[in-house]
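As stored in protein-v3.cif (mmCIF, C-alpha atoms):
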data_entry
#
loop_
_atom_site.group_PDB
_atom_site.id
_atom_site.type_symbol
_atom_site.label_atom_id
_atom_site.label_comp_id
_atom_site.auth_asym_id
_atom_site.auth_seq_id
_atom_site.Cartn_x
_atom_site.Cartn_y
_atom_site.Cartn_z
ATOM 1 C CA MET A 294 13.428 -17.078 8.893
ATOM 2 C CA LYS A 295 10.703 -16.294 6.406
ATOM 3 C CA PHE A 296 10.334 -12.835 4.896
ATOM 4 C CA GLY A 297 7.313 -11.440 3.085
ATOM 5 C CA VAL A 298 7.554 -8.643 0.543
ATOM 6 C CA ILE A 299 4.251 -6.856 0.016
ATOM 7 C CA VAL A 300 3.421 -5.953 -3.558
ATOM 8 C CA PHE A 301 1.189 -2.941 -4.140
ATOM 9 C CA PRO A 302 0.205 -1.814 -7.615
ATOM 10 C CA GLY A 303 3.121 0.476 -8.451
ATOM 11 C CA SER A 304 5.684 -1.106 -6.132
ATOM 12 C CA ASN A 305 8.969 -1.309 -8.016
ATOM 13 C CA CYS A 306 11.601 -2.321 -5.476
ATOM 14 C CA ASP A 307 9.840 -5.554 -4.548
ATOM 15 C CA LEU A 308 12.102 -7.547 -6.870
ATOM 16 C CA ASP A 309 15.256 -5.994 -5.439
ATOM 17 C CA ALA A 310 14.169 -6.804 -1.889
ATOM 18 C CA PHE A 311 13.194 -10.329 -2.930
ATOM 19 C CA HIS A 312 16.560 -10.840 -4.669
ATOM 20 C CA LEU A 313 18.581 -9.598 -1.721
ATOM 21 C CA ILE A 314 16.713 -11.788 0.772
ATOM 22 C CA ARG A 315 16.744 -14.940 -1.375
ATOM 23 C CA ASP A 316 20.141 -14.722 -3.055
ATOM 24 C CA ILE A 317 22.345 -12.718 -0.701
ATOM 25 C CA LEU A 318 20.819 -13.265 2.729
ATOM 26 C CA GLN A 319 19.757 -16.769 1.606
ATOM 27 C CA GLN A 320 16.487 -16.843 3.501
ATOM 28 C CA PRO A 321 13.025 -17.925 2.374
ATOM 29 C CA VAL A 322 10.923 -15.112 0.966
ATOM 30 C CA ASP A 323 7.481 -14.749 -0.602
ATOM 31 C CA TYR A 324 5.659 -11.966 -2.364
ATOM 32 C CA ILE A 325 2.416 -10.997 -0.654
ATOM 33 C CA SER A 326 -0.293 -9.360 -2.729
ATOM 34 C CA HIS A 327 -1.930 -6.195 -1.388
ATOM 35 C CA GLN A 328 -5.238 -7.891 -2.200
ATOM 36 C CA THR A 329 -4.857 -10.746 0.248
ATOM 37 C CA ALA A 330 -5.616 -10.480 3.923
ATOM 38 C CA ASP A 331 -3.051 -13.033 4.951
ATOM 39 C CA LEU A 332 0.618 -12.618 5.858
ATOM 40 C CA ALA A 333 0.987 -16.407 5.725
ATOM 41 C CA ASP A 334 3.628 -17.418 8.255
ATOM 42 C CA CYS A 335 6.086 -14.599 7.681
ATOM 43 C CA ASP A 336 8.490 -13.644 10.446
ATOM 44 C CA ALA A 337 9.189 -10.219 8.962
ATOM 45 C CA VAL A 338 7.347 -8.063 6.462
ATOM 46 C CA ILE A 339 8.920 -5.624 4.012
ATOM 47 C CA LEU A 340 6.934 -2.780 2.441
ATOM 48 C CA PRO A 341 9.036 -1.992 -0.611
ATOM 49 C CA GLY A 342 9.730 1.212 -2.471
ATOM 50 C CA GLY A 343 7.930 2.396 -5.563
ATOM 51 C CA PHE A 344 4.889 4.460 -6.339
ATOM 52 C CA SER A 345 1.971 2.562 -4.856
ATOM 53 C CA TYR A 346 -1.290 3.528 -6.574
ATOM 54 C CA GLY A 347 0.669 6.125 -8.516
ATOM 55 C CA ASP A 348 1.128 8.057 -5.266
ATOM 56 C CA TYR A 349 -2.196 9.747 -5.982
ATOM 57 C CA LEU A 350 -3.416 12.137 -3.309
ATOM 58 C CA ARG A 351 -0.238 11.678 -1.205
ATOM 59 C CA SER A 352 2.541 9.104 -1.285
ATOM 60 C CA GLY A 353 1.267 6.014 0.490
ATOM 61 C CA ALA A 354 -2.175 7.468 1.216
ATOM 62 C CA ILE A 355 -4.128 4.991 -0.923
ATOM 63 C CA ALA A 356 -1.962 1.920 -0.272
ATOM 64 C CA ARG A 357 -2.540 2.410 3.426
ATOM 65 C CA PHE A 358 -6.174 1.346 2.898
ATOM 66 C CA SER A 359 -5.416 -1.797 0.910
ATOM 67 C CA LYS A 360 -6.675 -5.165 2.107
ATOM 68 C CA ILE A 361 -3.358 -6.381 3.492
ATOM 69 C CA MET A 362 -2.767 -3.352 5.735
ATOM 70 C CA PRO A 363 -5.034 -4.333 8.673
ATOM 71 C CA LYS A 364 -3.055 -7.591 8.777
ATOM 72 C CA VAL A 365 0.221 -5.661 8.807
ATOM 73 C CA ALA A 366 -1.112 -3.548 11.683
ATOM 74 C CA GLU A 367 -2.156 -6.686 13.604
ATOM 75 C CA PHE A 368 1.214 -8.289 12.941
ATOM 76 C CA ALA A 369 2.994 -5.144 14.164
ATOM 77 C CA ALA A 370 0.805 -4.996 17.264
ATOM 78 C CA ARG A 371 1.867 -8.575 18.084
ATOM 79 C CA GLY A 372 5.503 -7.484 17.879
ATOM 80 C CA GLY A 373 6.144 -8.657 14.309
ATOM 81 C CA LEU A 374 9.008 -7.001 12.446
ATOM 82 C CA VAL A 375 7.896 -4.574 9.738
ATOM 83 C CA LEU A 376 10.292 -2.540 7.588
ATOM 84 C CA GLY A 377 9.078 0.123 5.184
ATOM 85 C CA ILE A 378 11.556 1.319 2.598
ATOM 86 C CA CYS A 379 10.973 4.617 0.795
ATOM 87 C CA ASN A 380 7.362 4.348 -0.404
ATOM 88 C CA GLY A 381 6.924 1.646 2.256
ATOM 89 C CA PHE A 382 8.014 4.203 4.868
ATOM 90 C CA GLN A 383 5.439 6.644 3.496
ATOM 91 C CA VAL A 384 2.730 3.953 3.660
ATOM 92 C CA LEU A 385 3.601 3.181 7.301
ATOM 93 C CA THR A 386 3.434 6.849 8.349
ATOM 94 C CA GLU A 387 0.118 7.268 6.527
ATOM 95 C CA ALA A 388 -1.147 4.156 8.319
ATOM 96 C CA GLY A 389 -0.121 5.602 11.662
ATOM 97 C CA LEU A 390 2.236 2.685 12.304
ATOM 98 C CA LEU A 391 5.172 5.096 12.350
ATOM 99 C CA PRO A 392 5.253 8.625 13.762
ATOM 100 C CA GLY A 393 5.569 11.749 11.604
ATOM 101 C CA ALA A 394 5.093 12.287 7.895
ATOM 102 C CA LEU A 395 7.095 12.835 4.721
ATOM 103 C CA TYR A 396 6.815 16.147 2.922
ATOM 104 C CA ARG A 397 7.907 16.963 -0.595
ATOM 105 C CA ASN A 398 11.718 17.383 -0.746
ATOM 106 C CA ASP A 399 12.558 20.959 0.164
ATOM 107 C CA ASN A 400 14.486 21.406 -3.119
ATOM 108 C CA LEU A 401 11.371 20.144 -4.995
ATOM 109 C CA GLN A 402 13.620 17.721 -6.894
ATOM 110 C CA PHE A 403 13.336 13.976 -7.211
ATOM 111 C CA ARG A 404 16.663 12.955 -5.695
ATOM 112 C CA CYS A 405 18.319 9.803 -6.983
ATOM 113 C CA GLN A 406 21.825 9.501 -5.562
ATOM 114 C CA GLN A 407 24.167 7.682 -3.220
ATOM 115 C CA VAL A 408 23.990 9.087 0.327
ATOM 116 C CA SER A 409 25.714 8.446 3.630
ATOM 117 C CA VAL A 410 23.627 7.733 6.691
ATOM 118 C CA ARG A 411 24.834 7.394 10.244
ATOM 119 C CA VAL A 412 23.440 4.684 12.504
ATOM 120 C CA GLU A 413 21.999 6.534 15.509
ATOM 121 C CA ASN A 414 20.762 3.538 17.455
ATOM 122 C CA SER A 415 22.279 0.103 16.940
ATOM 123 C CA ASP A 416 20.165 -1.502 19.622
ATOM 124 C CA THR A 417 17.179 -2.305 17.419
ATOM 125 C CA PRO A 418 16.041 -5.310 15.352
ATOM 126 C CA PHE A 419 16.946 -3.322 12.219
ATOM 127 C CA THR A 420 20.389 -2.005 13.099
ATOM 128 C CA ASN A 421 22.046 -4.458 15.527
ATOM 129 C CA ALA A 422 24.554 -5.696 12.909
ATOM 130 C CA ALA A 423 26.070 -2.229 12.622
ATOM 131 C CA SER A 424 27.698 -0.227 15.370
ATOM 132 C CA ARG A 425 26.377 3.079 16.606
ATOM 133 C CA GLY A 426 27.912 5.894 14.614
ATOM 134 C CA ALA A 427 28.705 3.628 11.651
ATOM 135 C CA VAL A 428 28.279 5.374 8.302
ATOM 136 C CA LEU A 429 26.425 3.377 5.658
ATOM 137 C CA LYS A 430 26.505 4.143 1.961
ATOM 138 C CA ILE A 431 23.000 3.552 0.601
ATOM 139 C CA PRO A 432 21.184 5.119 -2.346
ATOM 140 C CA ILE A 433 18.051 7.229 -2.176
ATOM 141 C CA ALA A 434 15.464 7.760 -4.915
ATOM 142 C CA HIS A 435 12.509 9.849 -3.844
ATOM 143 C CA GLY A 436 10.588 13.068 -4.230
ATOM 144 C CA ASP A 437 8.815 12.980 -0.851
ATOM 145 C CA GLY A 438 11.461 12.202 1.743
ATOM 146 C CA ASN A 439 11.442 15.340 3.814
ATOM 147 C CA TYR A 440 10.723 13.920 7.249
ATOM 148 C CA PHE A 441 8.630 15.912 9.664
ATOM 149 C CA ALA A 442 7.367 15.382 13.186
ATOM 150 C CA PRO A 443 5.904 18.062 15.462
ATOM 151 C CA PRO A 444 8.404 19.286 18.128
ATOM 152 C CA GLU A 445 6.830 17.449 21.104
ATOM 153 C CA LEU A 446 6.724 14.225 19.140
ATOM 154 C CA LEU A 447 10.310 14.626 17.955
ATOM 155 C CA GLN A 448 11.444 15.174 21.520
ATOM 156 C CA GLN A 449 9.650 12.055 22.639
ATOM 157 C CA MET A 450 11.157 10.084 19.748
ATOM 158 C CA GLU A 451 14.641 11.273 20.677
ATOM 159 C CA LYS A 452 14.057 10.205 24.266
ATOM 160 C CA ASN A 453 12.872 6.749 23.165
ATOM 161 C CA ARG A 454 15.805 6.504 20.739
ATOM 162 C CA GLN A 455 13.480 6.096 17.767
ATOM 163 C CA ILE A 456 15.768 7.883 15.310
ATOM 164 C CA LEU A 457 17.606 5.113 13.480
ATOM 165 C CA PHE A 458 19.506 6.966 10.739
ATOM 166 C CA ARG A 459 20.604 10.503 9.919
ATOM 167 C CA TYR A 460 21.977 11.875 6.652
ATOM 168 C CA THR A 461 25.624 12.832 7.095
ATOM 169 C CA ASP A 462 28.715 13.320 4.992
ATOM 170 C CA GLU A 463 30.968 10.338 4.286
ATOM 171 C CA LYS A 464 32.725 10.819 7.584
ATOM 172 C CA GLY A 465 29.533 10.726 9.589
ATOM 173 C CA LYS A 466 29.296 14.470 10.198
ATOM 174 C CA THR A 467 25.879 16.078 10.003
ATOM 175 C CA ARG A 468 26.030 18.906 7.511
ATOM 176 C CA ILE A 469 23.210 20.818 5.922
ATOM 177 C CA ASP A 470 24.538 20.074 2.432
ATOM 178 C CA ALA A 471 24.570 16.348 3.225
ATOM 179 C CA ASN A 472 20.811 16.460 3.734
ATOM 180 C CA PRO A 473 19.287 15.603 0.345
ATOM 181 C CA ASN A 474 15.675 16.514 1.078
ATOM 182 C CA GLY A 475 15.411 18.967 3.958
ATOM 183 C CA SER A 476 14.481 16.297 6.512
ATOM 184 C CA LEU A 477 13.973 17.590 10.008
ATOM 185 C CA ASP A 478 17.144 17.006 12.037
ATOM 186 C CA GLN A 479 18.619 15.146 9.019
ATOM 187 C CA ILE A 480 16.385 12.165 9.834
ATOM 188 C CA ALA A 481 16.609 9.331 7.286
ATOM 189 C CA GLY A 482 14.945 6.538 9.239
ATOM 190 C CA VAL A 483 12.856 6.017 12.372
ATOM 191 C CA CYS A 484 11.154 3.251 14.335
ATOM 192 C CA ASN A 485 8.005 3.073 16.419
ATOM 193 C CA GLU A 486 7.967 3.230 20.198
ATOM 194 C CA THR A 487 8.236 -0.525 20.623
ATOM 195 C CA GLY A 488 11.047 -0.753 18.076
ATOM 196 C CA ASN A 489 9.510 -3.457 15.875
ATOM 197 C CA VAL A 490 8.309 -1.226 13.031
ATOM 198 C CA ALA A 491 10.870 0.816 11.111
ATOM 199 C CA GLY A 492 10.917 3.052 8.062
ATOM 200 C CA MET A 493 13.760 4.527 6.060
ATOM 201 C CA MET A 494 13.999 6.575 2.893
ATOM 202 C CA PRO A 495 17.328 5.102 1.670
ATOM 203 C CA HIS A 496 17.128 1.785 -0.198
ATOM 204 C CA PRO A 497 19.163 -0.932 1.585
ATOM 205 C CA GLU A 498 17.817 -3.524 -0.875
ATOM 206 C CA ARG A 499 19.664 -1.682 -3.655
ATOM 207 C CA ALA A 500 22.945 -1.833 -1.758
ATOM 208 C CA GLY A 501 23.417 -5.504 -1.016
ATOM 209 C CA GLU A 502 26.343 -6.290 -3.321
ATOM 210 C CA LEU A 503 29.590 -4.504 -4.078
ATOM 211 C CA ILE A 504 28.833 -4.695 -7.782
ATOM 212 C CA LEU A 505 25.980 -2.286 -7.064
ATOM 213 C CA GLY A 506 28.349 0.214 -5.479
ATOM 214 C CA SER A 507 27.814 -0.741 -1.851
ATOM 215 C CA ALA A 508 26.927 -3.742 0.273
ATOM 216 C CA ASP A 509 26.089 -1.643 3.332
ATOM 217 C CA GLY A 510 22.371 -2.235 2.918
ATOM 218 C CA LEU A 511 22.960 -5.811 4.002
ATOM 219 C CA PHE A 512 23.494 -4.591 7.570
ATOM 220 C CA ILE A 513 19.792 -3.872 7.860
ATOM 221 C CA PHE A 514 18.698 -7.290 6.598
ATOM 222 C CA LYS A 515 21.374 -9.077 8.641
ATOM 223 C CA SER A 516 20.155 -7.219 11.702
ATOM 224 C CA ILE A 517 16.617 -8.465 11.142
ATOM 225 C CA LEU A 518 17.927 -12.008 10.769
ATOM 226 C CA ASN A 519 20.155 -11.687 13.883
ATOM 227 C CA HIS A 520 17.226 -10.454 15.896
ATOM 228 C CA PHE A 521 15.040 -13.321 14.778
ATOM 229 C CA LEU A 522 17.704 -15.979 15.424
ATOM 230 C CA SER A 523 18.497 -14.676 18.893
ATOM 231 C CA LYS A 524 14.801 -14.666 19.763
ATOM 232 C CA GLU A 525 14.445 -18.214 18.471
ATOM 233 C CA ALA A 526 17.479 -19.278 20.513
ATOM 234 C CA VAL A 527 15.838 -17.910 23.662
ATOM 235 C CA LYS A 528 12.557 -19.600 22.787
ATOM 236 C CA HIS A 529 14.190 -23.012 22.342
ATOM 237 C CA GLY A 530 16.608 -22.636 25.242
ATOM 238 C CA MET B 124 6.592 28.415 -10.331
ATOM 239 C CA GLU B 125 8.109 31.048 -8.126
ATOM 240 C CA SER B 126 10.895 31.676 -10.636
ATOM 241 C CA SER B 127 8.361 31.799 -13.478
ATOM 242 C CA LEU B 128 6.404 34.430 -11.570
ATOM 243 C CA HIS B 129 9.621 36.351 -11.046
ATOM 244 C CA ALA B 130 10.404 36.029 -14.758
ATOM 245 C CA LEU B 131 6.996 37.559 -15.495
ATOM 246 C CA GLY B 132 7.970 40.528 -13.410
ATOM 247 C CA TYR B 133 6.208 39.632 -10.179
ATOM 248 C CA GLU B 134 9.435 39.880 -8.257
ATOM 249 C CA ASN B 135 7.624 40.687 -5.044
ATOM 250 C CA VAL B 136 6.249 37.126 -4.847
ATOM 251 C CA TYR B 137 7.757 34.512 -2.592
ATOM 252 C CA ARG B 138 6.955 31.393 -0.525
ATOM 253 C CA VAL B 139 4.879 29.947 -3.356
ATOM 254 C CA ARG B 140 3.217 26.723 -2.313
ATOM 255 C CA VAL B 141 0.869 24.366 -4.108
ATOM 256 C CA GLY B 142 -2.099 22.966 -2.262
ATOM 257 C CA LYS B 143 -4.970 20.739 -3.231
ATOM 258 C CA TYR B 144 -8.518 21.571 -4.095
ATOM 259 C CA LEU B 145 -10.987 18.716 -4.213
ATOM 260 C CA GLU B 146 -14.581 18.717 -5.374
ATOM 261 C CA LEU B 147 -17.057 15.970 -4.655
ATOM 262 C CA PHE B 148 -20.767 15.265 -4.704
ATOM 263 C CA LEU B 149 -22.304 13.544 -1.725
ATOM 264 C CA GLU B 150 -25.822 12.383 -0.937
ATOM 265 C CA ALA B 151 -26.986 13.012 2.592
ATOM 266 C CA GLU B 152 -30.243 13.364 4.531
ATOM 267 C CA ASN B 153 -29.290 16.773 5.860
ATOM 268 C CA LYS B 154 -26.469 19.273 6.200
ATOM 269 C CA GLU B 155 -25.322 17.908 9.577
ATOM 270 C CA GLU B 156 -24.837 14.445 8.161
ATOM 271 C CA ALA B 157 -22.949 15.837 5.149
ATOM 272 C CA THR B 158 -20.744 17.981 7.397
ATOM 273 C CA HIS B 159 -19.962 15.043 9.623
ATOM 274 C CA GLN B 160 -19.004 12.864 6.676
ATOM 275 C CA VAL B 161 -16.890 15.508 4.967
ATOM 276 C CA GLU B 162 -14.971 16.174 8.181
ATOM 277 C CA GLU B 163 -14.424 12.492 8.742
ATOM 278 C CA MET B 164 -13.210 11.727 5.225
ATOM 279 C CA SER B 165 -10.981 14.795 5.258
ATOM 280 C CA ARG B 166 -9.334 13.559 8.427
ATOM 281 C CA ARG B 167 -9.098 9.892 7.463
ATOM 282 C CA LEU B 168 -8.025 10.103 3.835
ATOM 283 C CA LEU B 169 -8.139 13.425 2.049
ATOM 284 C CA SER B 170 -5.629 15.130 4.318
ATOM 285 C CA ASN B 171 -2.757 13.979 6.485
ATOM 286 C CA PRO B 172 -3.344 15.745 9.810
ATOM 287 C CA VAL B 173 0.367 15.550 10.686
ATOM 288 C CA ILE B 174 1.334 17.969 7.911
ATOM 289 C CA GLU B 175 -1.881 19.336 6.416
ATOM 290 C CA ASP B 176 -4.887 21.425 7.388
ATOM 291 C CA PHE B 177 -8.189 21.424 5.622
ATOM 292 C CA SER B 178 -11.215 23.601 5.247
ATOM 293 C CA TYR B 179 -14.378 22.964 3.282
ATOM 294 C CA SER B 180 -17.595 24.518 2.148
ATOM 295 C CA LEU B 181 -20.871 22.763 1.394
ATOM 296 C CA GLN B 182 -23.289 23.686 -1.327
ATOM 297 C CA GLU B 183 -26.638 22.125 -2.028
ATOM 298 C CA ALA B 184 -26.819 20.650 -5.514
ATOM 299 C CA GLN B 185 -29.317 18.783 -7.677
ATOM 300 C CA LEU B 186 -28.172 15.449 -9.085
#
Show me this structure written as structure tokens.
Amino acid sequence: MKFGVIVFPGSNCDLDAFHLIRDILQQPVDYISHQTADLADCDAVILPGGFSYGDYLRSGAIARFSKIMPKVAEFAARGGLVLGICNGFQVLTEAGLLPGALYRNDNLQFRCQQVSVRVENSDTPFTNAASRGAVLKIPIAHGDGNYFAPPELLQQMEKNRQILFRYTDEKGKTRIDANPNGSLDQIAGVCNETGNVAGMMPHPERAGELILGSADGLFIFKSILNHFLSKEAVKHG
Amino acid sequence: MESSLHALGYENVYRVRVGKYLELFLEAENKEEATHQVEEMSRRLLSNPVIEDFSYSLQEAQL
């Protein structure tokens, strides 16, 4: 399975994602420049964290108009797997590929810490390797991670099971003080209606090895791989 | 900022929020065309309609 990691000017987690996919997951991976209009033959696309275009105007607002983005939208429309992490999540909401938006953290602080997130739906291409209710230890590092969706939209997302992760305490309990940014309903990650585009504020690519404090981030990448392999198995009988 | 205002004695101030103010020059045939463009760019790029509102005013200027 071939992964593509998109590199915007100001991306800074592209190397971490690349490392995890190549060295831990042991799958082929390429960087894709924001200036190209070609996703090559990637089976999944990662929009990494960082500060694309310096986050001028709003986080992700400029990157969303870069040359590669129409290709990402086309790829997503064909059912391709797209994962936006942190700034990548912001880019995907700005692009309208994911519902909602990310406000400034309610505490106005840039939060850089280990958090616990609970898997709310394990029946997706991004979470199938974990069980529902599992608590993953993954770090966050953001200033604009305060998720918002208007009430009707949130209701619809709940119904479609589009909430992938919620901030909880270590035991998986939702608590206000376990919410690092004021996110609506403690939401840490969501997917689109068709389930093939996902975004999350925590950084799974920074939690792929125990030496880094947690290997729980691997669940997300393993899920993507599982999904791809099971689809291939169906395709080839 | 709110705590700075409080420190200055404006203790009756709360819910301080920062917004954005943008200024731009634009060439257009007429006011309707300018209005149309400003609305469009505000919706497409300058604001995020999910979490932001916008308002604008137009002024005729000489280049």
All residues 10 Å or closer to B:Leu186, all atoms listed in the file, same chain fewer than 3 positions away omitted, as a list in words: Phe148, Leu149, Glu150 and Glu183 of chain B
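The two atoms in question, atom CA of A:Glu367 and atom CA of A:Gly530, are spaced 27.2 Å apart.
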query: Taking the file as shown, what set of residues would the PyMOL selection byres ((chain A) within 7 of (chain B)) give back, as a ChimeraX atom specification?
result: /A:354,393-394
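Nearest to A:Cys306 of all the residues A:Pro363, A:Gly377, A:Pro473, A:Gly389 is A:Gly377, counting all atoms listed in the file.
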task: Taking the file above as input, evaluate the PyMOL selection byres ((chain A and resi 497) around 9) and report the hits as a VMD selection string.
output: chain A and resid 310 378 430 to 432 493 495 to 496 498 to 501 508 to 514
Give the centre and edge lengths of an axis-aligned box, in Å to one decimal, that holds all listed atoms of stretch 389-398 of chain A with 3 Å on each side, as JSON.
{"center_x": 5.8, "center_y": 10.0, "center_z": 6.5, "size_x": 17.8, "size_y": 20.7, "size_z": 20.5}
task: May I ask for the distance between atom CA of A:Asn485 and atom CA of A:Asn380, given in Å to one decimal place?
output: 16.9 Å
field: Expansion of the PyMOL selection byres ((chain B and resi 179) around 10) into residues, as a ChimeraX atom specification
entry: /B:144-146,158,161-162,165,177-178,180-181
I need stretch 431-500 of chain A from the structure I supplied, saved as a compact mmCIF listing (two decimals), in the first residue's frame with C-alpha atoms retained.
# COMPACT_ATOMS: atom_id res chain seq x y z
CA ILE A 431 -1.43 10.50 21.77
CA PRO A 432 0.15 13.94 22.02
CA ILE A 433 -1.41 17.20 20.90
CA ALA A 434 0.39 20.40 19.88
CA HIS A 435 -1.92 23.14 18.69
CA GLY A 436 -3.37 26.56 19.29
CA ASP A 437 -6.49 26.16 17.13
CA GLY A 438 -8.04 22.83 18.07
CA ASN A 439 -11.34 23.90 19.51
CA TYR A 440 -13.74 21.96 17.32
CA PHE A 441 -17.05 23.49 16.41
CA ALA A 442 -20.02 22.41 14.34
CA PRO A 443 -23.47 24.04 14.36
CA PRO A 444 -26.05 22.03 16.40
CA GLU A 445 -27.96 20.57 13.41
CA LEU A 446 -24.73 19.48 11.80
CA LEU A 447 -23.43 17.95 15.03
CA GLN A 448 -26.64 16.00 15.41
CA GLN A 449 -26.35 14.70 11.89
CA MET A 450 -22.71 13.76 12.48
CA GLU A 451 -23.64 11.87 15.63
CA LYS A 452 -26.32 9.99 13.73
CA ASN A 453 -23.86 9.06 10.96
CA ARG A 454 -21.26 8.10 13.58
CA GLN A 455 -18.78 10.64 12.24
CA ILE A 456 -17.21 11.38 15.62
CA LEU A 457 -14.06 9.26 15.73
CA PHE A 458 -12.32 10.42 18.92
CA ARG A 459 -13.16 12.30 22.11
CA TYR A 460 -10.80 13.72 24.73
CA THR A 461 -11.18 11.80 27.97
CA ASP A 462 -9.19 11.05 31.09
CA GLU A 463 -6.86 8.04 31.13
CA LYS A 464 -9.73 5.76 32.01
CA GLY A 465 -11.84 6.87 29.08
CA LYS A 466 -14.19 9.11 31.06
CA THR A 467 -15.22 12.39 29.50
CA ARG A 468 -14.39 15.17 31.91
CA ILE A 469 -14.28 18.88 31.31
CA ASP A 470 -10.73 19.10 32.64
CA ALA A 471 -9.63 16.39 30.20
CA ASN A 472 -10.61 18.64 27.31
CA PRO A 473 -7.45 20.57 26.40
CA ASN A 474 -8.98 23.13 24.06
CA GLY A 475 -12.69 23.58 24.71
CA SER A 476 -13.75 21.37 21.79
CA LEU A 477 -17.47 20.97 21.41
CA ASP A 478 -18.55 17.68 23.00
CA GLN A 479 -14.85 16.89 23.65
CA ILE A 480 -14.42 16.09 19.95
CA ALA A 481 -10.82 15.28 18.96
CA GLY A 482 -11.40 13.73 15.55
CA VAL A 483 -14.14 13.36 12.94
CA CYS A 484 -14.74 11.85 9.51
CA ASN A 485 -16.87 12.84 6.54
CA GLU A 486 -20.23 11.30 5.76
CA THR A 487 -18.77 8.58 3.57
CA GLY A 488 -16.09 7.75 6.13
CA ASN A 489 -13.08 8.01 3.81
CA VAL A 490 -11.83 11.43 4.91
CA ALA A 491 -10.81 11.92 8.53
CA GLY A 492 -9.22 14.64 10.62
CA MET A 493 -7.82 14.63 14.13
CA MET A 494 -6.02 17.16 16.29
CA PRO A 495 -3.83 14.63 18.18
CA HIS A 496 -0.65 13.50 16.42
CA PRO A 497 -0.64 9.70 15.89
CA GLU A 498 2.57 10.02 13.84
CA ARG A 499 4.34 11.22 16.99
CA ALA A 500 3.18 8.18 18.96
